[in-house]
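Undergrad: One structure, pasted below without further comment.
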Amino acid sequence: MFFTFWSGVFCGKIDFMAIKTIIEPFRIKMVEPITMHTEAERIDYLKAAHYNPFQLSSDQVIIDLLTDSGTSAMSARQWAGMMEGDESYAGSQSWLKMEKAVKDLSGMEYILPTHQGRAAERIIYTLLGGAGKYFFSNTHFDTTRANIEFSGATAIDLPIEEGKNPQLIHPFKGNLDVAALEKHILDVDAQQVSAVILTVTNNSGGGQPVSMQNAREVAAVCAKYNIPFLLDMCRIAENAWFIRQREEGFADVSCYDIAREMMRLADGAVMSSKKDALVNMGGFLALKDPDLAEECKNLLIITEGFTTYGGLSGRDMEAIAIGLEEVFRHDYLEYRIKSTEYLGRKLTELGVPIMQPTGGHAVYVDARTFYDHIPVHEYPGQALVCDLYRVGGIRAVEVGSVMFGKYDEHGAFIPAPMDLVRLAIPRRVYTQSHMEYVAEVFAELVEQKQSSKGYRIIKEPKFLRHFTAWFEEIV
Ligand SMILES: *Cc1c(COP(=O)(O)O)cnc(C)c1O
């Protein structure tokens, strides 16, 4: 039903040529210089970094699209709030402001501050998890999965079929497959299921949204089997924007009210404030159940800090309270989603294959298709990441066979299912001219891609090799 509604909007009303430029809804009061360099200099930098952009220093990068996490620009109001940060150990006024902001949004009674998202995850999943337990999600984010597996429990991803097809256009590719969820619950016995986690937006594919309908259905299944329903709410404002645009019945509801409605379906929530709270560090846990909250607080005090600051400074909590309000402003969200979409559309027009439709916080380029002259075992994603840096000083991240590739017991290479390159967009940091520049660099790569070469790994650690591996160009 919503699909037809949305395709009408998609094909009809939103005619991009007809609407005016979406200008950045802010003026720039303080600037951070970008160091410019020549291609010749970048060739040297890349060589010294062993062709791994994670090894570059930030002043060697012109446009940094490595991540949207903790890279937001704060507003003048947030900076002013930092000056008022109350650094009291107990009962900080800044904590009271942050607590109120999260309570109002979530409708949950118990709020625990943490130094970032994974600290909240460690607390809740240590308590709910353990050997023999199961967690189901549309997709577990990597730190979520790691914390669950570290507790001894099993994390199973159940995205809808449409979410697995990169080229398919669907309004809510982040949805969880509810029929599969119920089947899995019955298979493992509901008693063994610790929680169902909806990640909004779903990080895979660049932040694909989850519909309210899907959240309602997941909540109903959880209620039926008495299983806690948790939201990984890192990008809940971006998700609310998509619901407002694409789901029937929400066109006149504010994004804040949409987010509130979704949060009221859940029993708890985990947040990395480094995303939609528009700050550089922070997180929290929100819960409805007093007994679980009490246990979580005990762990919080042992490992993060007292309950009125978690791992945060008073000034950080002040900035989170303000960021949680600013992120829901219509003008901000319109600029945010439209600028990601703008880059996606520019690349599509150039014939660069990307995951469709563009999500909230990133554009994923299908490097295996774009660089189809480079065999998969020569890492087309790494080749594209290196070319983006060399030609344009743009730093992106390979999400493919470097990150997820493996070797079998005979040492034979097993590629990842896809070779993608993620262009993550920091919040309020870059302007449309920066995005035009990124598109121009891609235009150059389209012209010269036949001359780009594959790579081989010459040194790699045992775990998380993408951060530190050394590469060599295959000539
Ligand atoms: C970033 C992120 C986390 C982890 O948060 P950190 O602040 O990086 O520890 C968890 N879930 C999702 C969906 C995220 O994007």
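Every chain in the structure tokens has a letter given in the order shown (A, B, ...), and although residue numbers restart at 1 in each chain, ligands are simply numbered from 1 in the order shown.
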Pick out each residue of region 257-413 of chain A that DSSP on the backbone tags as strand (DSSP E or B); I need them as number ranges by chain.

TA: A: 268-272, 283-287, 354, 362-366, 394-395, 397-399, 406-407, 413

Undergrad: Which residues of chain A have any atom within 10 Å of an atom in ligand 1 when counting only C-alpha atoms and all ligand atoms, and what is the closest pair of atoms for each, with the distance in Å to one decimal? Order the rows by chain and rising number and write it as a tab-separated table.

TA:
residue	atom	partner	partner_atom_place_in_ligand_line	distance
A:Thr67	CA	ligand 1	1 (C)	9.4
A:Asp68	CA	ligand 1	1 (C)	8.7
A:Ser69	CA	ligand 1	1 (C)	6.1
A:Gly70	CA	ligand 1	7 (O)	7.7
A:Thr114	CA	ligand 1	7 (O)	9.2
A:His115	CA	ligand 1	7 (O)	7.7
A:Gln116	CA	ligand 1	7 (O)	4.0
A:Gly117	CA	ligand 1	5 (O)	3.5
A:Arg118	CA	ligand 1	9 (O)	3.7
A:Ala119	CA	ligand 1	9 (O)	6.4
A:Ala120	CA	ligand 1	9 (O)	8.1
A:Glu121	CA	ligand 1	10 (C)	7.6
A:Arg122	CA	ligand 1	9 (O)	9.6
A:Thr139	CA	ligand 1	13 (C)	8.8
A:His140	CA	ligand 1	13 (C)	7.5
A:Phe141	CA	ligand 1	11 (N)	5.0
A:Asp142	CA	ligand 1	10 (C)	7.4
A:Thr143	CA	ligand 1	4 (C)	5.8
A:Thr144	CA	ligand 1	10 (C)	6.0
A:Arg145	CA	ligand 1	10 (C)	9.3
A:Leu198	CA	ligand 1	13 (C)	9.3
A:Thr199	CA	ligand 1	13 (C)	5.8
A:Val200	CA	ligand 1	13 (C)	7.0
A:Thr201	CA	ligand 1	13 (C)	7.3
A:Asn202	CA	ligand 1	13 (C)	6.7
A:Asn203	CA	ligand 1	13 (C)	5.7
A:Ser204	CA	ligand 1	13 (C)	9.0
A:Gly207	CA	ligand 1	13 (C)	8.8
A:Leu231	CA	ligand 1	13 (C)	9.5
A:Asp232	CA	ligand 1	11 (N)	5.9
A:Met233	CA	ligand 1	13 (C)	7.1
A:Cys234	CA	ligand 1	13 (C)	5.5
A:Arg235	CA	ligand 1	13 (C)	7.4
A:Ile236	CA	ligand 1	13 (C)	9.9
A:Val270	CA	ligand 1	10 (C)	7.7
A:Met271	CA	ligand 1	10 (C)	6.9
A:Ser272	CA	ligand 1	7 (O)	4.1
A:Ser273	CA	ligand 1	7 (O)	6.5
A:Lys274	CA	ligand 1	7 (O)	5.7
A:Lys275	CA	ligand 1	1 (C)	6.9
A:Asp276	CA	ligand 1	15 (O)	9.6
A:Asn280	CA	ligand 1	7 (O)	9.2
A:Met281	CA	ligand 1	7 (O)	7.1
A:Gly282	CA	ligand 1	7 (O)	6.6
A:Gly283	CA	ligand 1	7 (O)	6.3
A:Phe284	CA	ligand 1	7 (O)	9.4
A:His361	CA	ligand 1	15 (O)	10.0

Undergrad: Determine which residues of region 122-295 of chain A DSSP labels as alpha helix (DSSP H) from the backbone of this structure, then write them out as a PyMOL selection string.

TA: chain A and resi 122-128+142-150+178-188+204-207+212-225+236-246+255-263+290-295

Undergrad: Using CA of Val363 (chain A) and CA of Arg244 (chain A) as the two end points, give the distance in Å to one decimal.

TA: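 Between these atoms lies a distance of 20.9 Å.
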
Undergrad: With distances taken over only C-alpha atoms, which residue among A:Met30, A:Met36, A:Leu464, A:Met355 lies nearest Gln167 (chain A)?

TA: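 Residue with the minimum atom-to-atom distance to Gln167 (chain A): A:Met355.
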
Undergrad: Figure out the distance between CA of Ala131 (chain A) and CA of Ser194 (chain A), please, to one decimal in Å.

TA: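 About the pair CA of Ser194 (chain A) and CA of Ala131 (chain A): they are 10.8 Å apart.
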
Undergrad: As an exercise, work out the distance from CA of Gly351 (chain A) to CA of Gln448 (chain A) in Å and give it to one decimal place.

TA: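 Taking CA of Gly351 (chain A) and CA of Gln448 (chain A), their separation equals 13.6 Å.
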
Undergrad: So, with only C-alpha atoms as the atoms that count, which of A:Val193, A:Leu112, A:Leu287, A:Ala101 lies closest to Gly311 (chain A)?

TA: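 Among the listed residues, A:Leu112 lies closest to Gly311 (chain A).
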
Undergrad: Using only C-alpha atoms, pick whichever of A:Glu149, A:Asp387, A:Asp64, A:Glu318 has the shortest atom-to-atom distance to Val279 (chain A).

TA: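 Smallest separation from Val279 (chain A) among the options: A:Glu318.
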
Undergrad: Could you tell me which of A:Thr35, A:Thr358, A:Ser72, A:Gln78 comes closest to Gln60 (chain A) if we count only C-alpha atoms?

TA: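 Closest to Gln60 (chain A), using only C-alpha atoms: A:Thr35.
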
Undergrad: Pull the closest atom pair for each residue of region 226-343 of chain A that gets at most 10 Å from region 172-181 of chain A, along with the distance in Å to one decimal, counting only C-alpha atoms, ordering rows by chain and then ascending residue number, as JSON lines.

TA:
{"residue": "A:Asn239", "atom": "CA", "partner": "A:Gly174", "partner_atom": "CA", "distance": 9.6}
{"residue": "A:Phe242", "atom": "CA", "partner": "A:Phe172", "partner_atom": "CA", "distance": 8.4}
{"residue": "A:Ile243", "atom": "CA", "partner": "A:Phe172", "partner_atom": "CA", "distance": 8.7}
{"residue": "A:Arg246", "atom": "CA", "partner": "A:Phe172", "partner_atom": "CA", "distance": 8.5}
{"residue": "A:Glu247", "atom": "CA", "partner": "A:Phe172", "partner_atom": "CA", "distance": 9.1}

Undergrad: So that I can check the surroundings of Tyr309 (chain A), please list as a list in words every protein, DNA and RNA residue that reaches within 9 Å of it, counting only C-alpha atoms and ignoring chain neighbours fewer than 5 positions away.

TA: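 With the cut-off at 9 Å, the set is Glu87, Ser88, Tyr89, Ala90, Gly91, Ser92, Ser94, Trp95, Leu112, Pro113, Thr114, His115, Glu304, Gly314 and Met317 of chain A.
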
Undergrad: May I have the selected residues written with N, CA and C atoms, as a JSON list (two decimals), in the first residue's frame?

TA:
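Just written: part29.json:
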[["chain", "number", "residue", "atom", "x", "y", "z"],
["A", 87, "GLU", "N", 29.95, 20.64, 35.48],
["A", 87, "GLU", "CA", 30.85, 19.50, 35.66],
["A", 87, "GLU", "C", 30.72, 18.86, 37.06],
["A", 88, "SER", "N", 29.62, 19.08, 37.73],
["A", 88, "SER", "CA", 29.42, 18.45, 39.05],
["A", 88, "SER", "C", 29.42, 16.93, 38.90],
["A", 89, "TYR", "N", 30.05, 16.26, 39.85],
["A", 89, "TYR", "CA", 30.10, 14.79, 39.79],
["A", 89, "TYR", "C", 28.70, 14.21, 39.87],
["A", 90, "ALA", "N", 27.91, 14.71, 40.82],
["A", 90, "ALA", "CA", 26.56, 14.17, 40.99],
["A", 90, "ALA", "C", 25.53, 15.26, 40.77],
["A", 91, "GLY", "N", 24.45, 14.89, 40.09],
["A", 91, "GLY", "CA", 23.33, 15.82, 39.91],
["A", 91, "GLY", "C", 23.62, 17.00, 39.01],
["A", 92, "SER", "N", 24.51, 16.83, 38.04],
["A", 92, "SER", "CA", 24.85, 17.91, 37.11],
["A", 92, "SER", "C", 23.60, 18.44, 36.39],
["A", 94, "SER", "N", 23.59, 19.80, 33.56],
["A", 94, "SER", "CA", 23.66, 19.39, 32.16],
["A", 94, "SER", "C", 23.08, 17.99, 31.99],
["A", 95, "TRP", "N", 23.32, 17.14, 32.97],
["A", 95, "TRP", "CA", 22.72, 15.81, 32.92],
["A", 95, "TRP", "C", 21.20, 15.91, 32.95],
["A", 112, "LEU", "N", 20.39, 6.21, 30.91],
["A", 112, "LEU", "CA", 21.76, 6.04, 31.41],
["A", 112, "LEU", "C", 22.74, 6.63, 30.40],
["A", 113, "PRO", "N", 23.55, 7.61, 30.82],
["A", 113, "PRO", "CA", 24.53, 8.19, 29.89],
["A", 113, "PRO", "C", 25.75, 7.27, 29.74],
["A", 114, "THR", "N", 26.31, 7.22, 28.53],
["A", 114, "THR", "CA", 27.54, 6.43, 28.30],
["A", 114, "THR", "C", 28.48, 7.21, 27.39],
["A", 115, "HIS", "N", 29.74, 6.81, 27.36],
["A", 115, "HIS", "CA", 30.69, 7.62, 26.58],
["A", 115, "HIS", "C", 30.54, 7.45, 25.09],
["A", 304, "GLU", "N", 31.63, 2.77, 33.56],
["A", 304, "GLU", "CA", 31.55, 4.05, 32.84],
["A", 304, "GLU", "C", 31.67, 5.25, 33.76],
["A", 314, "GLY", "N", 30.17, 17.18, 31.61],
["A", 314, "GLY", "CA", 28.93, 17.96, 31.66],
["A", 314, "GLY", "C", 28.69, 18.69, 30.35],
["A", 317, "MET", "N", 27.16, 16.55, 27.69],
["A", 317, "MET", "CA", 25.73, 16.26, 27.90],
["A", 317, "MET", "C", 24.88, 17.47, 27.51]]

Undergrad: List the spatial neighbours of Ile322 (chain A) as a VMD selection string - criterion: any atom at most 8 Å away, only C-alpha atoms, same-chain residues fewer than 3 positions off excluded.

TA: chain A and resid 77 to 78 81 318 to 319 325 to 326

Undergrad: Can you pull out the residues contacting Ala49 (chain A)? Cut-off 8 Å, using only C-alpha atoms, and skip same-chain residues under 6 positions away; I want them as an NGL selection string.

TA: :A and (55-56 or 470)

Undergrad: With a distance cut-off of 8 Å and only C-alpha atoms, select the neighbouring residues of Pro53 (chain A), excluding the residue or stretch itself and same-chain residues fewer than 2 positions from it, and output the selection as a list in words.

TA: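 Non-adjacent residues within range: Leu46, Ala49, Tyr51, Gln55, Leu56, Val385, Cys386, Tyr389, Arg395, Ala396 and Val397 of chain A.
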
Undergrad: Quick one: of A:Lys164, A:Pro171, A:Ala40, A:Glu349, who's nearest to Glu440 (chain A), counting only C-alpha atoms?

TA: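 Using only C-alpha atoms, Glu440 (chain A) sits closest to A:Glu349.
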
Undergrad: Give the answer as one residue: which of A:Leu278, A:Ile258, A:Ala269, A:Val210 has the shortest atom-to-atom distance to Ala293 (chain A), using only C-alpha atoms?

TA: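 Of the candidates, the smallest distance to Ala293 (chain A) is held by A:Ala269.
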